[in-house]
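S.K.: Sharing a structure below in structure tokens format, with a few things to ask.
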Amino acid sequence: MIVARTLAEFISAYNELPNKSDIGFVPTMGALHEGHLSLIRRSVAESTSTIISIFVNPTQFNNANDLATYPRTLEADCALVEPAGVDIVFAPRVEDIYPEPDHRIFNLGGLDQYGEGPRRPGHFNGVAQVVTRLFEIVKPTRSYFGEKDFQQLAILRYVTEDQKFPISIIGCPIARATDGLALSSRNALLTPAQREAAPHIYQCICQAREWKSTLTPDEVVARITEAINANPELETEYIEIFNARTMEPVHNWEDAQEIQLGCAVYAHPVRLIDNIKLK
Ligand code: PAF
């Protein structure tokens, strides 16, 4: 496994790969966990070579403190992924990705209007900036993303098609701890009391599956918000029940064929997100 810390190092490692038309790519921001490993294992199983990137992308953070405190654990990350069969870890410097400030504004097909979009202004455009830049450098055959960032996955599918990248976007199921908490790099920032409280989020949102037979989507949102906030360690930022294709909130269960519930909950100052399929 080669760890490339600059674009030049990456290019020389890339040039040695045996079959450049069969590359699996897992873009990450590091602080890797079992969720990332599930993406990496799938890429290794399906591809001649697997490249992962570890880059904490400044343009997708709309909160300076979140960027400053985002966990950075390159050595542990490399130790974790090497046995999984990764060929290249690309851990570039900011200037390798952004030699000049990136002013591109992407067409996100309106998929950023709801959910995380209005709560994190500029976030998805920043994700599109870094992922398209990485796609140009890595030129993968397929790229793997977790369904935990459900809206990100939908937006990246859209952008990949809109920008005509010949890359298959593959979504992979959320990896959860045994107590149900969705695995996230941010979980490392939780205090022991918050970590104990955090599985409450998944337990509460799963109740929507029962409540939906008697309550409207808006009533379900209100019930879940109340249930999550009953835990003193947690504060709901939003719960949305939405059309899984357009991300648009639904107010009747008949409004869409595929319906998802998404949420963001603070265990202050850590922001946790999760989602489940409802229909
Ligand atoms: O999901 C993430 O970790 C990031 O948003 C991504 C896709 C690696 C872009 O920085």
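Naming scheme: A, B, ... for chains in displayed order of the structure tokens; residues 1 onward per chain; ligands 1 onward as shown.
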Counting only C-alpha atoms and all ligand atoms, what residues are within 8 Å of ligand 1, given as a PDB file with N, CA, C and O atoms, in the first residue's frame?

M.R.:
ATOM      1  N   VAL A  26     -12.788   5.147  -2.921  1.00  0.00           N
ATOM      2  CA  VAL A  26     -13.567   5.486  -1.723  1.00  0.00           C
ATOM      3  C   VAL A  26     -13.048   6.824  -1.183  1.00  0.00           C
ATOM      4  O   VAL A  26     -12.012   6.872  -0.513  1.00  0.00           O
ATOM      5  N   PRO A  27     -13.760   7.922  -1.487  1.00  0.00           N
ATOM      6  CA  PRO A  27     -13.338   9.210  -0.935  1.00  0.00           C
ATOM      7  C   PRO A  27     -13.751   9.308   0.532  1.00  0.00           C
ATOM      8  O   PRO A  27     -14.879   8.941   0.879  1.00  0.00           O
ATOM      9  N   THR A  28     -12.861   9.777   1.390  1.00  0.00           N
ATOM     10  CA  THR A  28     -13.186   9.909   2.818  1.00  0.00           C
ATOM     11  C   THR A  28     -12.549  11.184   3.373  1.00  0.00           C
ATOM     12  O   THR A  28     -11.705  11.800   2.725  1.00  0.00           O
ATOM     13  N   MET A  29     -12.948  11.502   4.586  1.00  0.00           N
ATOM     14  CA  MET A  29     -12.286  12.590   5.308  1.00  0.00           C
ATOM     15  C   MET A  29     -11.480  12.018   6.479  1.00  0.00           C
ATOM     16  O   MET A  29     -11.133  12.737   7.413  1.00  0.00           O
ATOM     17  N   GLY A  30     -11.213  10.718   6.444  1.00  0.00           N
ATOM     18  CA  GLY A  30     -10.385  10.114   7.486  1.00  0.00           C
ATOM     19  C   GLY A  30     -11.166   9.807   8.750  1.00  0.00           C
ATOM     20  O   GLY A  30     -12.393   9.770   8.737  1.00  0.00           O
ATOM     21  N   SER A  53      -9.180   8.191  -0.668  1.00  0.00           N
ATOM     22  CA  SER A  53      -8.608   9.505  -0.355  1.00  0.00           C
ATOM     23  C   SER A  53      -8.975   9.849   1.072  1.00  0.00           C
ATOM     24  O   SER A  53     -10.044   9.454   1.572  1.00  0.00           O
ATOM     25  N   ILE A  54      -8.050  10.527   1.721  1.00  0.00           N
ATOM     26  CA  ILE A  54      -8.286  11.041   3.079  1.00  0.00           C
ATOM     27  C   ILE A  54      -7.989  12.526   3.002  1.00  0.00           C
ATOM     28  O   ILE A  54      -6.834  12.939   2.855  1.00  0.00           O
ATOM     29  N   PHE A  55      -9.046  13.322   3.026  1.00  0.00           N
ATOM     30  CA  PHE A  55      -8.859  14.764   2.856  1.00  0.00           C
ATOM     31  C   PHE A  55     -10.002  15.477   3.554  1.00  0.00           C
ATOM     32  O   PHE A  55     -11.167  15.301   3.188  1.00  0.00           O
ATOM     33  N   VAL A  56      -9.667  16.241   4.574  1.00  0.00           N
ATOM     34  CA  VAL A  56     -10.680  17.017   5.285  1.00  0.00           C
ATOM     35  C   VAL A  56     -10.892  18.288   4.460  1.00  0.00           C
ATOM     36  O   VAL A  56     -10.066  19.193   4.473  1.00  0.00           O
ATOM     37  N   ASN A  57     -11.967  18.258   3.695  1.00  0.00           N
ATOM     38  CA  ASN A  57     -12.194  19.280   2.663  1.00  0.00           C
ATOM     39  C   ASN A  57     -12.718  20.583   3.260  1.00  0.00           C
ATOM     40  O   ASN A  57     -13.883  20.655   3.657  1.00  0.00           O
ATOM     41  N   GLN A  60     -16.326  22.300   2.346  1.00  0.00           N
ATOM     42  CA  GLN A  60     -17.659  21.772   2.683  1.00  0.00           C
ATOM     43  C   GLN A  60     -18.045  22.036   4.132  1.00  0.00           C
ATOM     44  O   GLN A  60     -19.114  21.615   4.560  1.00  0.00           O
ATOM     45  N   GLY A 126     -19.619  22.489  -1.770  1.00  0.00           N
ATOM     46  CA  GLY A 126     -18.245  22.139  -1.390  1.00  0.00           C
ATOM     47  C   GLY A 126     -17.949  20.665  -1.596  1.00  0.00           C
ATOM     48  O   GLY A 126     -16.865  20.284  -2.044  1.00  0.00           O
ATOM     49  N   VAL A 127     -18.929  19.816  -1.281  1.00  0.00           N
ATOM     50  CA  VAL A 127     -18.763  18.370  -1.515  1.00  0.00           C
ATOM     51  C   VAL A 127     -18.601  18.118  -3.017  1.00  0.00           C
ATOM     52  O   VAL A 127     -17.722  17.359  -3.450  1.00  0.00           O
ATOM     53  N   ALA A 128     -19.436  18.790  -3.823  1.00  0.00           N
ATOM     54  CA  ALA A 128     -19.345  18.605  -5.282  1.00  0.00           C
ATOM     55  C   ALA A 128     -17.980  19.097  -5.787  1.00  0.00           C
ATOM     56  O   ALA A 128     -17.370  18.463  -6.664  1.00  0.00           O
ATOM     57  N   VAL A 130     -15.041  19.119  -4.194  1.00  0.00           N
ATOM     58  CA  VAL A 130     -13.936  18.204  -3.872  1.00  0.00           C
ATOM     59  C   VAL A 130     -14.088  16.877  -4.593  1.00  0.00           C
ATOM     60  O   VAL A 130     -13.105  16.307  -5.093  1.00  0.00           O
ATOM     61  N   VAL A 131     -15.316  16.368  -4.671  1.00  0.00           N
ATOM     62  CA  VAL A 131     -15.488  15.045  -5.285  1.00  0.00           C
ATOM     63  C   VAL A 131     -15.190  15.119  -6.787  1.00  0.00           C
ATOM     64  O   VAL A 131     -14.531  14.231  -7.333  1.00  0.00           O
ATOM     65  N   PHE A 145     -20.005   5.374  -1.758  1.00  0.00           N
ATOM     66  CA  PHE A 145     -20.420   6.352  -0.743  1.00  0.00           C
ATOM     67  C   PHE A 145     -21.419   5.695   0.200  1.00  0.00           C
ATOM     68  O   PHE A 145     -22.223   4.856  -0.222  1.00  0.00           O
ATOM     69  N   GLY A 146     -21.402   6.114   1.467  1.00  0.00           N
ATOM     70  CA  GLY A 146     -22.289   5.524   2.455  1.00  0.00           C
ATOM     71  C   GLY A 146     -23.684   6.159   2.395  1.00  0.00           C
ATOM     72  O   GLY A 146     -23.834   7.353   2.125  1.00  0.00           O
ATOM     73  N   ASP A 149     -24.983   9.408   4.617  1.00  0.00           N
ATOM     74  CA  ASP A 149     -25.147  10.729   4.008  1.00  0.00           C
ATOM     75  C   ASP A 149     -26.053  10.558   2.795  1.00  0.00           C
ATOM     76  O   ASP A 149     -25.613  10.638   1.651  1.00  0.00           O
ATOM     77  N   GLN A 152     -26.279  13.491   0.365  1.00  0.00           N
ATOM     78  CA  GLN A 152     -25.002  13.616  -0.348  1.00  0.00           C
ATOM     79  C   GLN A 152     -24.918  12.602  -1.485  1.00  0.00           C
ATOM     80  O   GLN A 152     -24.496  12.925  -2.593  1.00  0.00           O
TER      81      GLN A 152
END

S.K.: Excluding A:Pro249 and residues on its chain fewer than 5 positions from it, collect all residues at most 8 Å away from it, counting only C-alpha atoms, and give them as a list in words.

M.R.: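 What passes the distance filter is Tyr114, Glu240, Ile241, Phe242 and Asn243 of chain A.
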
S.K.: Under the rule that only C-alpha atoms are counted, which of A:Ile273, A:Val3, A:Ala45, A:Cys78 is the nearest residue to A:Ala91?

M.R.: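 Closest to A:Ala91, using only C-alpha atoms: A:Val3.
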
S.K.: May I have the residues within 8 Å of stretch 214-223 of chain A as a PyMOL selection string, using only C-alpha atoms and disregarding those fewer than 2 positions away in the same chain?

M.R.: chain A and resi 208+211-212+225-227+239-241+250-253

S.K.: For stretch 177-191 of chain A, work out the shell of residues within 9 Å, counting only C-alpha atoms and skipping chain neighbours fewer than 2 positions away, then give it as number ranges by chain.

M.R.: A: 29-35, 69-71, 148, 174-175, 193-196, 198-203, 267-275

S.K.: Restrict the selected residues to N, CA, C and O atoms and save them as a compact mmCIF listing (two decimals), in the first residue's frame.

M.R.:
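Saved result, part35.txt, follows:
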# COMPACT_ATOMS: atom_id res chain seq x y z
N MET A 29 -12.95 11.50 4.59
CA MET A 29 -12.29 12.59 5.31
C MET A 29 -11.48 12.02 6.48
O MET A 29 -11.13 12.74 7.41
N GLY A 30 -11.21 10.72 6.44
CA GLY A 30 -10.39 10.11 7.49
C GLY A 30 -11.17 9.81 8.75
O GLY A 30 -12.39 9.77 8.74
N ALA A 31 -10.42 9.57 9.85
CA ALA A 31 -11.01 9.07 11.10
C ALA A 31 -11.85 7.85 10.77
O ALA A 31 -13.04 7.76 11.10
N LEU A 32 -11.21 6.91 10.10
CA LEU A 32 -11.93 5.80 9.48
C LEU A 32 -12.45 4.80 10.51
O LEU A 32 -11.84 4.60 11.56
N HIS A 33 -13.59 4.21 10.19
CA HIS A 33 -14.23 3.25 11.08
C HIS A 33 -14.82 2.13 10.22
O HIS A 33 -14.66 2.11 8.99
N GLU A 34 -15.53 1.24 10.88
CA GLU A 34 -16.09 0.06 10.22
C GLU A 34 -16.99 0.44 9.04
O GLU A 34 -17.09 -0.32 8.06
N GLY A 35 -17.65 1.58 9.11
CA GLY A 35 -18.51 2.02 8.00
C GLY A 35 -17.67 2.24 6.74
O GLY A 35 -18.02 1.76 5.65
N THR A 69 -12.02 20.98 14.63
CA THR A 69 -12.04 19.84 15.56
C THR A 69 -12.27 18.50 14.85
O THR A 69 -12.27 17.47 15.51
N TYR A 70 -12.45 18.53 13.52
CA TYR A 70 -12.70 17.27 12.82
C TYR A 70 -11.52 16.33 13.08
O TYR A 70 -10.36 16.71 12.92
N PRO A 71 -11.77 15.08 13.53
CA PRO A 71 -10.65 14.21 13.91
C PRO A 71 -9.72 13.89 12.74
O PRO A 71 -10.17 13.64 11.63
N LYS A 148 -25.43 6.71 4.87
CA LYS A 148 -25.64 7.56 6.05
C LYS A 148 -25.80 9.02 5.60
O LYS A 148 -26.63 9.74 6.12
N ILE A 174 -25.83 1.80 5.72
CA ILE A 174 -25.28 2.40 6.95
C ILE A 174 -24.73 1.29 7.84
O ILE A 174 -25.41 0.29 8.08
N ALA A 175 -23.51 1.48 8.33
CA ALA A 175 -22.96 0.55 9.34
C ALA A 175 -23.32 1.11 10.71
O ALA A 175 -23.20 2.31 10.95
N ALA A 193 -21.15 10.14 28.42
CA ALA A 193 -22.60 10.28 28.64
C ALA A 193 -23.33 10.48 27.32
O ALA A 193 -24.42 9.93 27.10
N GLN A 194 -22.73 11.26 26.42
CA GLN A 194 -23.37 11.48 25.11
C GLN A 194 -23.36 10.20 24.29
O GLN A 194 -24.34 9.89 23.61
N ARG A 195 -22.25 9.45 24.38
CA ARG A 195 -22.17 8.20 23.61
C ARG A 195 -23.25 7.21 24.07
O ARG A 195 -23.83 6.47 23.27
N GLU A 196 -23.51 7.25 25.39
CA GLU A 196 -24.53 6.36 25.93
C GLU A 196 -25.93 6.79 25.46
O GLU A 196 -26.80 5.96 25.20
N ALA A 198 -26.60 8.53 22.64
CA ALA A 198 -26.74 8.66 21.18
C ALA A 198 -27.57 7.56 20.51
O ALA A 198 -28.31 7.85 19.54
N PRO A 199 -27.54 6.29 20.97
CA PRO A 199 -28.37 5.26 20.30
C PRO A 199 -29.87 5.53 20.39
O PRO A 199 -30.66 4.98 19.63
N HIS A 200 -30.24 6.41 21.34
CA HIS A 200 -31.62 6.83 21.49
C HIS A 200 -32.16 7.41 20.16
O HIS A 200 -33.34 7.27 19.85
N ILE A 201 -31.28 8.03 19.38
CA ILE A 201 -31.71 8.65 18.11
C ILE A 201 -32.29 7.56 17.20
O ILE A 201 -33.41 7.68 16.70
N TYR A 202 -31.51 6.51 16.99
CA TYR A 202 -31.95 5.44 16.09
C TYR A 202 -33.19 4.74 16.65
O TYR A 202 -34.14 4.45 15.91
N GLN A 203 -33.20 4.51 17.98
CA GLN A 203 -34.37 3.85 18.58
C GLN A 203 -35.63 4.68 18.31
O GLN A 203 -36.68 4.14 17.97
N ALA A 267 -25.61 16.43 20.01
CA ALA A 267 -25.13 16.10 21.35
C ALA A 267 -24.04 17.17 21.51
O ALA A 267 -22.92 16.98 21.06
N HIS A 268 -24.40 18.32 21.98
CA HIS A 268 -23.60 19.54 21.83
C HIS A 268 -22.15 19.36 22.21
O HIS A 268 -21.86 18.80 23.26
N PRO A 269 -21.23 19.86 21.37
CA PRO A 269 -21.45 20.57 20.11
C PRO A 269 -21.45 19.62 18.90
O PRO A 269 -21.41 20.08 17.77
N VAL A 270 -21.49 18.33 19.15
CA VAL A 270 -21.37 17.36 18.05
C VAL A 270 -22.73 17.21 17.36
O VAL A 270 -23.76 17.07 18.03
N ARG A 271 -22.69 17.23 16.05
CA ARG A 271 -23.93 17.11 15.26
C ARG A 271 -23.95 15.73 14.62
O ARG A 271 -23.04 15.36 13.87
N LEU A 272 -25.00 14.96 14.94
CA LEU A 272 -25.12 13.59 14.44
C LEU A 272 -26.26 13.52 13.43
O LEU A 272 -27.31 14.12 13.66
N ILE A 273 -26.06 12.78 12.35
CA ILE A 273 -27.15 12.60 11.40
C ILE A 273 -27.45 11.11 11.25
O ILE A 273 -26.59 10.27 11.52
N ASP A 274 -28.67 10.84 10.84
CA ASP A 274 -29.06 9.44 10.61
C ASP A 274 -30.24 9.44 9.65
O ASP A 274 -30.86 10.49 9.41
N ASN A 275 -30.55 8.30 9.07
CA ASN A 275 -31.76 8.20 8.25
C ASN A 275 -32.18 6.75 8.15
O ASN A 275 -31.37 5.84 8.32

S.K.: Fewer than 2 positions away in the same chain doesn't count, so skip those; otherwise give me all residues within 9 Å of A:Phe90, counting only C-alpha atoms, as a ChimeraX atom specification.

M.R.: /A:2-7,9-10,51-55,88,92

S.K.: Which one is closest to A:Pro140: A:Phe106, A:Ser168, A:Ala79, A:Thr59? Count only C-alpha atoms.

M.R.: A:Ser168

S.K.: Where in stretch 140-225 of chain A does DSSP assign strand (DSSP E), given as an mmCIF file with N, CA, C and O atoms, in the first residue's frame?

M.R.:
data_model
loop_
_atom_site.group_PDB
_atom_site.id
_atom_site.type_symbol
_atom_site.label_atom_id
_atom_site.label_comp_id
_atom_site.auth_asym_id
_atom_site.auth_seq_id
_atom_site.Cartn_x
_atom_site.Cartn_y
_atom_site.Cartn_z
ATOM 1 N N ARG A 142 -15.530 3.170 -10.565
ATOM 2 C CA ARG A 142 -16.699 3.253 -9.681
ATOM 3 C C ARG A 142 -16.276 3.900 -8.373
ATOM 4 O O ARG A 142 -15.105 3.812 -7.979
ATOM 5 N N SER A 143 -17.239 4.550 -7.733
ATOM 6 C CA SER A 143 -16.916 5.237 -6.483
ATOM 7 C C SER A 143 -17.998 4.926 -5.459
ATOM 8 O O SER A 143 -19.183 4.872 -5.795
ATOM 9 N N TYR A 144 -17.573 4.711 -4.227
ATOM 10 C CA TYR A 144 -18.443 4.181 -3.173
ATOM 11 C C TYR A 144 -18.730 5.255 -2.123
ATOM 12 O O TYR A 144 -17.800 5.919 -1.641
ATOM 13 N N PHE A 145 -20.005 5.374 -1.758
ATOM 14 C CA PHE A 145 -20.420 6.352 -0.743
ATOM 15 C C PHE A 145 -21.419 5.695 0.200
ATOM 16 O O PHE A 145 -22.223 4.856 -0.222
ATOM 17 N N GLY A 146 -21.402 6.114 1.467
ATOM 18 C CA GLY A 146 -22.289 5.524 2.455
ATOM 19 C C GLY A 146 -23.684 6.159 2.395
ATOM 20 O O GLY A 146 -23.834 7.353 2.125
ATOM 21 N N SER A 168 -19.472 4.860 -12.092
ATOM 22 C CA SER A 168 -20.661 4.333 -11.395
ATOM 23 C C SER A 168 -20.601 4.766 -9.939
ATOM 24 O O SER A 168 -19.584 4.554 -9.276
ATOM 25 N N ILE A 169 -21.706 5.311 -9.469
ATOM 26 C CA ILE A 169 -21.789 5.715 -8.061
ATOM 27 C C ILE A 169 -22.502 4.595 -7.317
ATOM 28 O O ILE A 169 -23.635 4.232 -7.659
ATOM 29 N N ILE A 170 -21.842 4.070 -6.303
ATOM 30 C CA ILE A 170 -22.400 2.922 -5.579
ATOM 31 C C ILE A 170 -22.673 3.308 -4.127
ATOM 32 O O ILE A 170 -21.773 3.748 -3.404
ATOM 33 N N GLY A 171 -23.950 3.178 -3.756
ATOM 34 C CA GLY A 171 -24.351 3.489 -2.376
ATOM 35 C C GLY A 171 -24.252 2.238 -1.514
ATOM 36 O O GLY A 171 -24.640 1.158 -1.952
ATOM 37 N N CYS A 172 -23.752 2.384 -0.300
ATOM 38 C CA CYS A 172 -23.579 1.229 0.604
ATOM 39 C C CYS A 172 -24.339 1.487 1.902
ATOM 40 O O CYS A 172 -24.393 2.620 2.387
#
